[in-house]
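*Asks:* Sharing data-v3.txt below, compact mmCIF, C-alpha atoms:
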```txt
# COMPACT_ATOMS: atom_id res chain seq x y z
CA MET A 28 13.39 -22.89 -18.59
CA ARG A 29 16.62 -21.02 -19.37
CA ARG A 30 14.67 -17.93 -20.32
CA ALA A 31 12.69 -18.14 -17.08
CA LYS A 32 15.88 -18.40 -15.03
CA LEU A 33 17.43 -15.51 -16.97
CA PHE A 34 14.32 -13.40 -16.41
CA THR A 35 14.35 -14.21 -12.69
CA LEU A 36 18.03 -13.29 -12.46
CA LEU A 37 17.36 -10.02 -14.29
CA LEU A 38 14.52 -9.18 -11.89
CA TRP A 39 16.80 -9.80 -8.93
CA LEU A 40 19.56 -7.63 -10.40
CA VAL A 41 17.10 -4.79 -11.01
CA ALA A 42 15.55 -5.15 -7.55
CA LEU A 43 18.91 -5.24 -5.77
CA SER A 44 20.21 -2.31 -7.85
CA LEU A 45 17.16 -0.21 -7.02
CA GLY A 46 17.37 -1.27 -3.38
CA ALA A 47 21.06 -0.33 -3.21
CA TRP A 48 20.38 3.01 -4.91
CA THR A 49 17.53 3.73 -2.49
CA LEU A 50 19.69 2.93 0.54
CA ALA A 51 22.56 4.99 -0.88
CA GLN A 52 20.32 8.06 -1.07
CA LEU A 53 19.46 7.93 2.61
CA PRO A 54 20.98 10.57 4.93
CA LEU A 55 23.45 8.19 6.55
CA ALA A 56 25.16 10.77 8.80
CA GLU A 57 21.86 11.99 10.23
CA ILE A 58 20.63 8.42 10.56
CA SER A 59 23.68 7.55 12.67
CA ASN A 60 23.11 10.54 14.96
CA SER A 61 19.40 9.78 15.31
CA ILE A 62 20.02 6.12 16.12
CA SER A 63 22.44 7.01 18.88
CA SER A 64 20.03 9.56 20.36
CA LEU A 65 17.24 7.04 21.05
CA SER A 66 17.09 5.06 24.26
CA THR A 67 16.52 1.31 24.34
CA MET A 68 12.92 1.71 25.50
CA GLN A 69 12.21 4.19 22.72
CA TRP A 70 13.58 1.72 20.19
CA ILE A 71 11.46 -1.11 21.60
CA PHE A 72 8.28 0.98 21.64
CA TRP A 73 8.86 2.40 18.16
CA LEU A 74 9.70 -0.93 16.50
CA GLY A 75 6.87 -2.61 18.41
CA LEU A 76 4.41 -0.03 17.05
CA ASN A 77 5.61 -0.64 13.49
CA GLY A 78 5.37 -4.39 14.02
CA MET A 79 1.81 -3.97 15.27
CA ILE A 80 0.87 -1.99 12.14
CA ILE A 81 2.30 -4.72 9.89
CA LEU A 82 0.46 -7.47 11.79
CA VAL A 83 -2.85 -5.58 11.73
CA LEU A 84 -2.70 -5.02 7.97
CA GLY A 85 -1.67 -8.63 7.42
CA LEU A 86 -4.61 -9.78 9.55
CA ARG A 87 -6.92 -7.65 7.41
CA TRP A 88 -5.76 -9.48 4.29
CA GLN A 89 -6.21 -12.81 6.07
CA LEU A 90 -9.80 -11.89 6.95
CA LEU A 91 -10.54 -10.96 3.35
CA ASN A 92 -9.10 -14.28 2.18
CA ILE A 93 -11.32 -16.16 4.63
CA ALA A 94 -14.33 -14.16 3.44
CA LEU A 95 -13.52 -15.20 -0.15
CA VAL A 96 -13.04 -18.85 0.89
CA ALA A 97 -9.38 -18.58 -0.07
CA PRO A 98 -7.49 -19.44 3.13
CA ILE A 99 -3.69 -19.22 3.31
CA ARG A 100 -1.61 -19.56 6.45
CA PHE A 101 -1.17 -16.19 8.14
CA LEU A 102 2.64 -16.23 8.31
CA ARG A 103 2.89 -17.17 4.63
CA LEU A 104 0.45 -14.41 3.71
CA LEU A 105 2.38 -11.93 5.85
CA ALA A 106 5.62 -12.87 4.05
CA ILE A 107 3.91 -12.37 0.67
CA ARG A 108 2.65 -8.97 1.77
CA GLN A 109 6.04 -7.77 3.00
CA ALA A 110 7.83 -9.08 -0.10
CA GLY A 111 5.35 -7.24 -2.31
CA GLN A 112 5.74 -4.08 -0.22
CA ALA A 113 9.51 -4.27 -0.68
CA VAL A 114 9.12 -4.47 -4.47
CA SER A 115 6.63 -1.58 -4.41
CA PHE A 116 9.03 0.48 -2.29
CA ILE A 117 11.91 0.25 -4.76
CA THR A 118 9.81 0.82 -7.89
CA PRO A 119 8.84 4.30 -9.14
CA GLY A 120 5.75 5.22 -7.18
CA PRO A 121 5.93 3.41 -3.81
CA GLN A 122 2.17 2.71 -3.79
CA PHE A 123 2.31 0.02 -6.48
CA GLY A 124 4.71 -2.43 -8.09
CA GLY A 125 4.67 -5.67 -6.12
CA GLU A 126 1.13 -6.77 -7.01
CA PRO A 127 1.98 -9.08 -9.96
CA LEU A 128 4.42 -11.03 -7.79
CA GLN A 129 1.88 -11.25 -4.97
CA VAL A 130 -0.73 -12.67 -7.36
CA TYR A 131 1.87 -15.13 -8.66
CA TRP A 132 2.73 -16.34 -5.15
CA LEU A 133 -0.92 -16.68 -4.15
CA TYR A 134 -1.51 -18.75 -7.27
CA LYS A 135 1.54 -20.91 -6.62
CA TYR A 136 0.36 -21.54 -3.06
CA GLY A 137 -2.87 -23.06 -4.36
CA LEU A 138 -5.40 -20.27 -4.89
CA PRO A 139 -7.25 -20.16 -8.21
CA LEU A 140 -6.12 -17.23 -10.33
CA ARG A 141 -9.43 -15.41 -10.07
CA LYS A 142 -9.41 -15.70 -6.26
CA SER A 143 -5.79 -14.56 -6.16
CA LEU A 144 -6.74 -11.46 -8.15
CA LEU A 145 -9.86 -10.86 -6.06
CA SER A 146 -8.01 -11.36 -2.76
CA LEU A 147 -5.30 -8.87 -3.63
CA GLY A 148 -7.75 -6.50 -5.28
CA MET A 149 -9.94 -6.37 -2.18
CA ASP A 150 -6.94 -5.77 0.08
CA ARG A 151 -5.64 -2.99 -2.16
CA PHE A 152 -9.12 -1.46 -2.40
CA PHE A 153 -9.41 -1.29 1.39
CA GLU A 154 -5.90 0.12 1.71
CA LEU A 155 -6.19 2.77 -1.00
CA TRP A 156 -9.74 3.77 -0.07
CA ILE A 157 -8.83 4.28 3.59
CA ASN A 158 -5.53 6.02 2.71
CA PHE A 159 -7.10 8.52 0.37
CA SER A 160 -10.15 9.03 2.61
CA VAL A 161 -7.93 9.89 5.60
CA LEU A 162 -5.84 12.16 3.40
CA LEU A 163 -8.98 13.87 2.10
CA LEU A 164 -10.25 14.32 5.67
CA ALA A 165 -6.94 15.90 6.67
CA VAL A 166 -7.15 18.31 3.73
CA LEU A 167 -10.73 19.23 4.66
CA LEU A 168 -9.65 19.91 8.25
CA LEU A 169 -6.90 22.18 6.95
CA LEU A 170 -9.43 24.02 4.78
CA THR A 171 -11.57 24.70 7.84
CA GLY A 172 -8.50 25.99 9.71
CA ILE A 173 -9.14 23.63 12.64
CA GLY A 174 -6.38 23.65 15.22
CA ASP A 175 -4.75 26.76 13.74
CA ASN A 176 -3.68 28.87 16.71
CA SER A 177 -1.82 31.48 14.71
CA GLY A 178 -4.71 33.90 14.86
CA ASP A 179 -4.34 34.71 11.17
CA ASN A 180 -7.40 33.80 9.11
CA ASN A 181 -5.30 33.73 5.95
CA THR A 182 -2.80 31.21 7.30
CA THR A 183 -4.46 28.30 5.53
CA HIS A 184 -4.19 30.05 2.18
CA THR A 185 -0.59 31.16 2.67
CA ILE A 186 0.56 27.69 3.62
CA GLY A 187 -0.98 25.98 0.63
CA ASP A 188 -3.89 25.80 -1.77
CA TRP A 189 -5.63 22.85 -0.13
CA GLN A 190 -8.63 23.13 -2.46
CA THR A 191 -6.35 22.22 -5.36
CA ALA A 192 -4.98 19.27 -3.41
CA MET A 193 -8.53 18.09 -2.66
CA VAL A 194 -9.59 17.79 -6.32
CA PRO A 195 -7.43 14.79 -7.34
CA LEU A 196 -8.33 13.02 -4.08
CA LEU A 197 -12.04 13.40 -4.83
CA ILE A 198 -11.53 12.22 -8.41
CA PHE A 199 -9.60 9.13 -7.31
CA LEU A 200 -12.13 8.18 -4.64
CA GLY A 201 -14.94 8.73 -7.15
CA LEU A 202 -13.27 6.39 -9.62
CA MET A 203 -12.84 3.72 -6.93
CA PHE A 204 -16.51 3.91 -5.95
CA SER A 205 -17.57 3.82 -9.61
CA LEU A 206 -15.47 0.73 -10.29
CA ALA A 207 -16.86 -1.06 -7.23
CA TRP A 208 -20.44 -0.12 -8.17
CA ILE A 209 -20.02 -1.39 -11.76
CA LEU A 210 -18.45 -4.64 -10.59
CA ILE A 211 -21.20 -5.34 -8.04
CA LYS A 212 -24.30 -3.80 -9.65
CA GLN A 213 -23.55 -3.82 -13.39
CA PRO A 214 -21.45 -6.92 -14.14
CA GLN A 215 -23.13 -7.43 -17.52
CA TRP A 216 -21.72 -4.11 -18.75
CA ILE A 217 -18.20 -5.46 -18.19
CA ASN A 218 -19.07 -8.88 -19.59
CA ASN A 219 -20.28 -7.37 -22.87
CA ARG A 220 -16.99 -5.56 -23.36
CA LEU A 221 -14.94 -8.60 -22.39
CA GLU A 222 -16.82 -10.65 -24.95
CA ARG A 223 -15.73 -8.20 -27.64
CA ILE A 224 -12.12 -8.56 -26.51
CA ALA A 225 -12.40 -12.35 -26.38
CA ALA A 226 -13.81 -12.44 -29.93
CA ARG A 227 -10.50 -11.09 -31.23
CA TRP A 228 -8.57 -13.91 -29.54
CA GLN A 229 -10.63 -16.95 -30.41
CA HIS A 230 -7.47 -18.96 -31.13
CA ASN A 231 -6.41 -18.60 -27.48
CA HIS A 232 -8.72 -20.65 -25.27
CA ARG A 233 -7.66 -18.80 -22.10
CA LEU A 234 -8.38 -15.34 -23.49
CA ASN A 235 -11.49 -16.63 -25.24
CA ASN A 236 -12.94 -17.50 -21.82
CA ILE A 237 -11.95 -14.24 -20.17
CA ASN A 238 -15.55 -13.10 -19.80
CA GLN A 239 -16.43 -16.36 -18.04
CA HIS A 240 -13.53 -15.93 -15.62
CA TRP A 241 -14.64 -12.36 -14.95
CA GLN A 242 -18.20 -13.55 -14.34
CA SER A 243 -16.92 -16.10 -11.82
CA LEU A 244 -14.83 -13.41 -10.13
CA GLY A 245 -17.83 -11.11 -9.86
CA ASP A 246 -19.99 -13.93 -8.50
CA ASP A 247 -17.38 -14.73 -5.83
CA LEU A 248 -17.31 -11.08 -4.79
CA ARG A 249 -21.09 -10.69 -4.62
CA ILE A 250 -21.48 -13.90 -2.61
CA ALA A 251 -18.81 -12.74 -0.18
CA LEU A 252 -20.39 -9.31 0.22
CA ARG A 253 -23.78 -10.91 0.88
CA THR A 254 -22.64 -13.59 3.34
CA GLN A 255 -19.49 -12.18 4.96
CA LYS A 256 -20.50 -8.69 6.07
CA PRO A 257 -19.12 -9.08 9.63
CA ARG A 258 -15.67 -9.97 8.27
CA PHE A 259 -15.68 -7.03 5.86
CA LEU A 260 -16.69 -4.70 8.69
CA LEU A 261 -13.86 -6.09 10.81
CA ALA A 262 -11.45 -5.60 7.87
CA PHE A 263 -12.62 -1.98 7.68
CA PHE A 264 -11.99 -1.57 11.41
CA LEU A 265 -8.51 -3.07 11.05
CA SER A 266 -7.79 -0.59 8.24
CA LEU A 267 -8.71 2.27 10.56
CA LEU A 268 -6.63 0.72 13.34
CA GLY A 269 -3.65 0.49 11.00
CA TRP A 270 -4.02 4.14 10.10
CA ALA A 271 -4.30 5.07 13.76
CA GLY A 272 -0.98 3.30 14.20
CA LEU A 273 0.56 5.27 11.32
CA LEU A 274 -0.63 8.56 12.81
CA GLY A 275 0.65 7.52 16.21
CA GLU A 276 4.03 6.61 14.75
CA LEU A 277 4.39 10.02 13.08
CA TYR A 278 3.47 11.74 16.35
CA LEU A 279 5.98 9.53 18.19
CA ILE A 280 8.82 10.39 15.78
CA LEU A 281 8.01 14.08 16.11
CA HIS A 282 8.26 13.64 19.86
CA PHE A 283 11.63 11.90 19.45
CA VAL A 284 13.03 14.95 17.58
CA GLY A 285 11.65 17.39 20.15
CA ILE A 286 8.59 18.68 18.28
CA ASP A 287 5.33 19.06 20.20
CA ALA A 288 3.12 19.80 17.19
CA ASP A 289 -0.45 21.05 17.54
CA LEU A 290 -3.20 19.54 15.38
CA HIS A 291 -2.82 22.07 12.56
CA SER A 292 0.94 21.63 12.28
CA PHE A 293 0.62 17.86 12.53
CA LEU A 294 -1.90 17.81 9.66
CA ILE A 295 0.33 19.97 7.45
CA ILE A 296 3.32 17.65 7.98
CA LEU A 297 1.14 14.58 7.42
CA VAL A 298 -0.49 15.84 4.21
CA ALA A 299 2.82 17.06 2.77
CA MET A 300 4.45 13.67 3.39
CA ARG A 301 1.55 11.59 2.06
CA MET A 302 1.29 13.76 -1.06
CA ALA A 303 5.03 13.32 -1.63
CA LEU A 304 4.58 9.54 -1.55
CA LEU A 305 2.26 9.79 -4.55
CA LEU A 306 5.06 11.11 -6.76
CA PRO A 307 6.89 8.56 -8.98
CA MET A 308 10.15 8.15 -7.05
CA PRO A 309 11.37 4.85 -5.55
CA GLY A 310 10.65 4.95 -1.83
CA GLY A 311 9.76 8.62 -2.12
CA VAL A 312 13.50 9.35 -2.04
CA GLY A 313 13.93 13.10 -2.45
CA THR A 314 10.22 13.89 -2.41
CA ILE A 315 9.73 12.92 1.24
CA GLU A 316 12.80 14.93 2.25
CA ALA A 317 11.58 17.95 0.31
CA SER A 318 8.08 17.73 1.82
CA VAL A 319 9.41 17.53 5.38
CA LEU A 320 11.83 20.43 4.90
CA TRP A 321 9.09 22.52 3.25
CA SER A 322 6.54 21.88 6.00
CA PHE A 323 9.04 22.52 8.80
CA HIS A 324 10.24 25.73 7.13
CA THR A 325 6.63 26.88 6.62
CA LEU A 326 5.77 26.19 10.25
CA ASN A 327 8.98 27.85 11.50
CA LEU A 328 10.19 24.62 13.06
CA PRO A 329 13.94 23.94 13.45
CA ALA A 330 15.72 22.42 10.46
CA SER A 331 17.66 20.10 12.76
CA ALA A 332 14.37 18.52 13.86
CA ALA A 333 13.38 18.07 10.21
CA LEU A 334 16.63 16.26 9.49
CA GLY A 335 16.12 14.07 12.55
CA LEU A 336 12.57 13.22 11.41
CA ILE A 337 13.82 12.30 7.93
CA ALA A 338 16.62 10.18 9.37
CA LEU A 339 14.33 8.20 11.68
CA MET A 340 11.78 7.60 8.95
CA ARG A 341 14.54 6.30 6.68
CA VAL A 342 15.81 4.01 9.44
CA ARG A 343 12.35 2.50 9.57
CA ASP A 344 12.17 2.27 5.77
CA ALA A 345 15.56 0.57 5.59
CA ILE A 346 14.55 -2.02 8.22
CA VAL A 347 11.21 -2.74 6.48
CA LEU A 348 12.94 -2.92 3.08
CA ILE A 349 15.56 -5.40 4.31
CA ILE A 350 12.86 -7.58 5.92
CA GLY A 351 10.78 -7.38 2.75
CA LEU A 352 13.71 -8.40 0.54
CA ALA A 353 14.36 -11.33 2.88
CA CYS A 354 10.69 -12.35 2.52
CA LEU A 355 11.06 -11.96 -1.25
CA ARG A 356 14.02 -14.32 -1.25
CA ALA A 357 12.23 -16.78 1.02
CA SER A 358 9.09 -16.75 -1.14
CA ASN A 359 11.11 -17.44 -4.27
CA SER A 360 12.96 -20.29 -2.55
CA THR A 361 9.70 -21.82 -1.30
CA ASN A 362 8.16 -21.62 -4.76
CA ALA A 363 11.23 -23.28 -6.29
CA GLN A 364 11.07 -26.10 -3.75
CA THR A 365 7.34 -26.58 -4.29
CA LYS A 366 7.85 -26.72 -8.05
CA ALA A 367 10.65 -29.26 -7.70
CA ILE A 368 8.53 -31.51 -5.46
CA THR A 369 5.62 -31.27 -7.90
CA GLU A 370 7.77 -32.17 -10.89
CA SER A 371 9.37 -35.11 -9.07
```
Just dump the structure as structure tokens.
*Replies:*
Amino acid sequence: MRRAKLFTLLLWLVALSLGAWTLAQLPLAEISNSISSLSTMQWIFWLGLNGMIILVLGLRWQLLNIALVAPIRFLRLLAIRQAGQAVSFITPGPQFGGEPLQVYWLYKYGLPLRKSLLSLGMDRFFELWINFSVLLLAVLLLLTGIGDNSGDNNTTHTIGDWQTAMVPLLIFLGLMFSLAWILIKQPQWINNRLERIAARWQHNHRLNNINQHWQSLGDDLRIALRTQKPRFLLAFFLSLLGWAGLLGELYLILHFVGIDADLHSFLIILVAMRMALLLPMPGGVGTIEASVLWSFHTLNLPASAALGLIALMRVRDAIVLIIGLACLRASNSTNAQTKAITES
């Protein structure tokens, strides 16, 4: 018990230290200027759009849980999602990091471990597949030169080697499809290898039954895919709707800083920023700033607008991070109370 409390305290110290470091790296002077430049209606519309994106993605996860016969109250699930996002934001590589805690909370709230893993895995699969597919589509559009009004046929090549950027996206999407195909169509291939692993841990009854747990997980997934197609299609639609919100938010922020970007310029800024988020820096601190400054310089857009864009994005990140840390604290408190009631 003491070791568990010490470990929890250590996690909180690390999380708060990383959160404080992330906030300290934000362009505070530019943030202050950008905040004062927005009207009340702009604030309401912008924050409302971000709130809508969060609700849509939370609803997608709720739909996947229902499809897997693993219902959890929507507000609780939303808090788990935001808490996990906060942890992911302050860990190196803001795409991952909070998943173990999310699985832990799902399990503590009553889901079997295999359904907790499957629920989160499905949500992450939808999110990553849509994210990388949209990014790949944007790169392909840049390769075709669509929306480029410069009149220079070599503009695409001078701005960046988009073919090189496309290769890792194709590889990642290929790996995701391969994993899904093996899990659904070739479960025995995985079971055979899990049996070999389990044979080495016969003294541990949990690890010895790992292949059985995996078989149950695969069965749950195949049953859901066979009987819950409408919900999966709706989850796919919600993923697209969430991305439409993200694109709309970027366009809105560009409008706030006085940039009326055409399609080609918008795609360059978008791809540069999303690629920067893949680099292993907490919250993309430094990489996002560099990508925005590079894209604005390449497109001959004013540096002041680039700084304003960075500042507004970091305002949003700071708000989401603070909310996520509050959800993290609330989730830990709820788990502690639940554990105390169970033990009593």
*Asks:* Taking into account all atoms listed in the file, which residue in the set A:Leu339, A:Leu163, A:Ile71, A:Leu334 is nearest to A:Leu297?
*Replies:* A:Leu163
*Asks:* Which one of A:Ala357, A:Leu170, A:Gly75, A:Pro139 sits closest to A:His291 if you count all atoms listed in the file?
*Replies:*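 Among A:Ala357, A:Leu170, A:Gly75, A:Pro139, it is A:Leu170 that comes nearest to A:His291.
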*Asks:* Nearest residue to A:Ile346 out of A:Leu86, A:Ile99, A:Ala113, A:Met149, using all atoms listed in the file?
*Replies:*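 Checking each of A:Leu86, A:Ile99, A:Ala113, A:Met149 against A:Ile346, counting all atoms listed in the file, the winner is A:Ala113.
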*Asks:* For A:Leu244, which of A:Leu145, A:Met340, A:Leu167, A:Val312 is the closest residue, counting only C-alpha atoms?
*Replies:*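 Nearest candidate to A:Leu244 out of A:Leu145, A:Met340, A:Leu167, A:Val312: A:Leu145.
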*Asks:* May I ask for the distance between atom CA of A:Ser143 and atom CA of A:Val130, given in Å to one decimal place?
*Replies:*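 Computing it gives 5.5 Å between the two atoms.
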